[in-house]
Amino acid sequence: MLGSYGGREPGCYLPSFLFNECLLVDAGSGASTLTVAEQSRLKGILISHTHLDHVGEIPFIADNIFGTKDSSLLIISLQPVLDDLHKYLFNNIIWPDFTVLSAGDNPILEFIGIEEGEEKCIAGIKFIAYRVNHSLNAVGYLLSDENGTVLFSGDTGPTEKIWKKAHEADNLRAIITEVSFPNFMKDVAEVAKHLTPKSLLEETKKMPADIPIYLYHEKIRFHDEIAKELEKLNEPRLKMLVQGEIYEF
Ligand SMILES: [Zn+2]
Ligand SMILES: [Zn+2]
């Protein structure tokens, strides 16, 4: 768990999860939290959506790994998500187009578009994307290896499909989903398509029973208030993720 917060201040990093030391899911903080050697070992980055708190450090990772590997770092998501990333970030204005730049035979980054519901595999990790309910094109992922499956919802308001797919998943070990705002900010959460502890509780009823639910994306200044509201829900499956911890499933 490299970064778990829905904001940034010293010591608090934006969302990024490192799976099996070779695959990032979102890159709000991969460059701030991994050494350059660790960044060079990455095979790919799965992107949930293009909000800056989820893609903001891909440019620095690309810069850091320039000339360190033979193969391209694969940037993977739905094609419309990748198109936006290309057009608005790697456009030679905000940052160089690292899908063209190369220090050898291959470009530094290669964008790989996937279809919703299509199973793919990278570095021994199988993954499938499903759309969730955020304010733009956004997906969550089911990620599996020989030890089991983990569901990452990405940023989402109340949603349906990915929870249905969670019921069908083989050996589901953990659900990672979001809680961004305290209950008094429910109107903001509704507009921005995020969850509060109260709306999260409704979502938990759609999820398979007995699976631990790990939470990320809390706004930093509401961390304690959200933690208290979660406790009051009396739902033992819910746990806030701790940044920097290693989780084994
Ligand atoms: Zn977002
Ligand atoms: Zn976010």
# chains A, B, ... in the order shown; residues from 1 in each chain; ligands from 1
>>> residues_around(residues="A:Leu241", least_positions_apart="5", cutoff="7 Å", atoms="only C-alpha atoms", output="MDAnalysis selection string")
chainID A and resid 4 214:216
>>> select_by_dssp(residues="stretch 18-233 of chain A", states="alpha helix (DSSP H)", output="ChimeraX atom specification")
/A:30-33,36-40,52-55,58-65,79-88,161-168,186-192,197-204,223-232
>>> closest_residue(among="A:Leu78, A:Leu172, A:Val55, A:Leu18", to="ligand 1", atoms="only C-alpha atoms and all ligand atoms")
A:Val55
>>> residues_near_ligand(ligand="ligand 1", cutoff="10 Å", atoms="only C-alpha atoms and all ligand atoms", output="PyMOL selection string")
chain A and resi 6+48-54+134-138+154-156+192-194+217
>>> write_last_selection(atoms="N, CA and C atoms", output="tab-separated table (two decimals), in the first residue's frame")
chain	number	residue	atom	x	y	z
A	6	GLY	N	-6.87	10.46	-0.16
A	6	GLY	CA	-7.51	11.22	-1.22
A	6	GLY	C	-7.02	12.66	-1.23
A	48	SER	N	-7.19	3.23	-13.13
A	48	SER	CA	-8.65	3.17	-12.89
A	48	SER	C	-9.36	4.31	-13.61
A	49	HIS	N	-8.77	5.51	-13.59
A	49	HIS	CA	-9.35	6.68	-14.27
A	49	HIS	C	-8.31	7.79	-14.31
A	50	THR	N	-8.62	8.85	-15.05
A	50	THR	CA	-7.57	9.83	-15.34
A	50	THR	C	-7.45	10.97	-14.32
A	51	HIS	N	-8.23	10.96	-13.26
A	51	HIS	CA	-8.03	12.03	-12.27
A	51	HIS	C	-6.57	12.06	-11.81
A	52	LEU	N	-6.10	13.29	-11.59
A	52	LEU	CA	-4.67	13.50	-11.35
A	52	LEU	C	-4.15	12.75	-10.13
A	53	ASP	N	-5.01	12.57	-9.13
A	53	ASP	CA	-4.56	11.85	-7.93
A	53	ASP	C	-4.32	10.37	-8.21
A	54	HIS	N	-4.66	9.90	-9.42
A	54	HIS	CA	-4.44	8.48	-9.78
A	54	HIS	C	-3.42	8.29	-10.90
A	134	HIS	N	-18.21	6.70	-11.39
A	134	HIS	CA	-17.48	7.91	-10.98
A	134	HIS	C	-17.85	9.01	-11.97
A	135	SER	N	-17.22	10.18	-11.87
A	135	SER	CA	-17.69	11.32	-12.66
A	135	SER	C	-17.13	11.34	-14.08
A	136	LEU	N	-16.41	10.30	-14.48
A	136	LEU	CA	-15.86	10.18	-15.84
A	136	LEU	C	-15.61	8.71	-16.09
A	137	ASN	N	-15.05	8.35	-17.25
A	137	ASN	CA	-14.74	6.93	-17.50
A	137	ASN	C	-13.89	6.39	-16.36
A	138	ALA	N	-14.38	5.37	-15.69
A	138	ALA	CA	-13.63	4.82	-14.55
A	138	ALA	C	-13.93	3.34	-14.41
A	154	GLY	N	-11.46	1.20	-7.28
A	154	GLY	CA	-11.13	2.57	-7.69
A	154	GLY	C	-12.08	3.55	-7.02
A	155	ASP	N	-12.13	4.77	-7.54
A	155	ASP	CA	-13.05	5.78	-7.01
A	155	ASP	C	-14.45	5.49	-7.54
A	156	THR	N	-15.43	5.49	-6.66
A	156	THR	CA	-16.79	5.22	-7.13
A	156	THR	C	-17.84	5.72	-6.15
A	192	ALA	N	-19.73	14.42	-6.65
A	192	ALA	CA	-18.40	13.99	-7.10
A	192	ALA	C	-18.31	12.47	-7.31
A	193	LYS	N	-19.41	11.76	-6.98
A	193	LYS	CA	-19.46	10.30	-7.09
A	193	LYS	C	-18.35	9.63	-6.27
A	194	HIS	N	-18.50	9.85	-4.97
A	194	HIS	CA	-17.65	9.20	-3.98
A	194	HIS	C	-18.56	8.63	-2.90
A	217	HIS	N	-8.65	6.42	0.16
A	217	HIS	CA	-9.12	7.66	-0.48
A	217	HIS	C	-9.79	8.65	0.48
>>> atom_distance(atom1="atom CA of A:Ile93", atom2="atom CA of A:Pro59")
12.2 Å
>>> decode(residues="stretch 11-32 of chain A", atoms="N, CA and C atoms", output="CSV table (one decimal), in the first residue's frame")
chain,number,residue,atom,x,y,z
A,11,GLY,N,4.0,13.3,4.1
A,11,GLY,CA,3.8,12.0,4.7
A,11,GLY,C,2.6,11.3,4.3
A,12,CYS,N,1.7,12.0,3.6
A,12,CYS,CA,0.4,11.4,3.1
A,12,CYS,C,0.5,11.3,1.5
A,13,TYR,N,0.4,10.1,1.0
A,13,TYR,CA,0.6,10.0,-0.5
A,13,TYR,C,-0.7,9.6,-1.1
A,14,LEU,N,-0.8,9.9,-2.4
A,14,LEU,CA,-2.0,9.7,-3.2
A,14,LEU,C,-2.0,8.2,-3.7
A,15,PRO,N,-3.2,7.8,-4.1
A,15,PRO,CA,-3.4,6.3,-4.3
A,15,PRO,C,-2.5,5.6,-5.3
A,16,SER,N,-1.9,4.6,-4.8
A,16,SER,CA,-1.1,3.7,-5.6
A,16,SER,C,-0.9,2.4,-4.8
A,17,PHE,N,-1.1,1.3,-5.5
A,17,PHE,CA,-1.0,0.0,-4.9
A,17,PHE,C,0.0,-0.8,-5.7
A,18,LEU,N,1.0,-1.5,-5.0
A,18,LEU,CA,1.9,-2.3,-5.7
A,18,LEU,C,1.6,-3.7,-5.5
A,19,PHE,N,1.3,-4.5,-6.6
A,19,PHE,CA,1.0,-5.9,-6.5
A,19,PHE,C,2.2,-6.7,-6.9
A,20,ASN,N,2.6,-7.7,-6.0
A,20,ASN,CA,3.6,-8.7,-6.3
A,20,ASN,C,4.9,-8.0,-6.9
A,21,GLU,N,5.1,-6.8,-6.4
A,21,GLU,CA,6.4,-6.0,-6.7
A,21,GLU,C,6.6,-5.7,-8.2
A,22,CYS,N,5.6,-5.9,-9.0
A,22,CYS,CA,5.8,-5.7,-10.4
A,22,CYS,C,4.7,-4.9,-11.1
A,23,LEU,N,3.6,-4.8,-10.5
A,23,LEU,CA,2.4,-4.2,-11.1
A,23,LEU,C,1.8,-3.1,-10.2
A,24,LEU,N,1.7,-1.9,-10.7
A,24,LEU,CA,1.1,-0.8,-10.0
A,24,LEU,C,-0.4,-0.8,-10.4
A,25,VAL,N,-1.2,-0.5,-9.4
A,25,VAL,CA,-2.6,-0.1,-9.7
A,25,VAL,C,-2.7,1.3,-9.3
A,26,ASP,N,-2.9,2.2,-10.3
A,26,ASP,CA,-2.9,3.6,-10.1
A,26,ASP,C,-1.5,4.1,-9.7
A,27,ALA,N,-1.3,5.4,-10.1
A,27,ALA,CA,0.1,5.9,-9.9
A,27,ALA,C,-0.1,7.4,-9.4
A,28,GLY,N,-0.8,7.5,-8.3
A,28,GLY,CA,-0.8,8.8,-7.6
A,28,GLY,C,0.5,9.1,-6.9
A,29,SER,N,1.2,8.0,-6.6
A,29,SER,CA,2.4,8.2,-5.7
A,29,SER,C,3.5,7.2,-6.0
A,30,GLY,N,3.5,6.4,-7.1
A,30,GLY,CA,4.6,5.5,-7.3
A,30,GLY,C,6.0,6.1,-7.4
A,31,ALA,N,6.1,7.3,-7.9
A,31,ALA,CA,7.5,7.9,-8.0
A,31,ALA,C,8.0,8.4,-6.6
A,32,SER,N,7.0,8.8,-5.8
A,32,SER,CA,7.4,9.3,-4.4
A,32,SER,C,7.7,8.2,-3.4
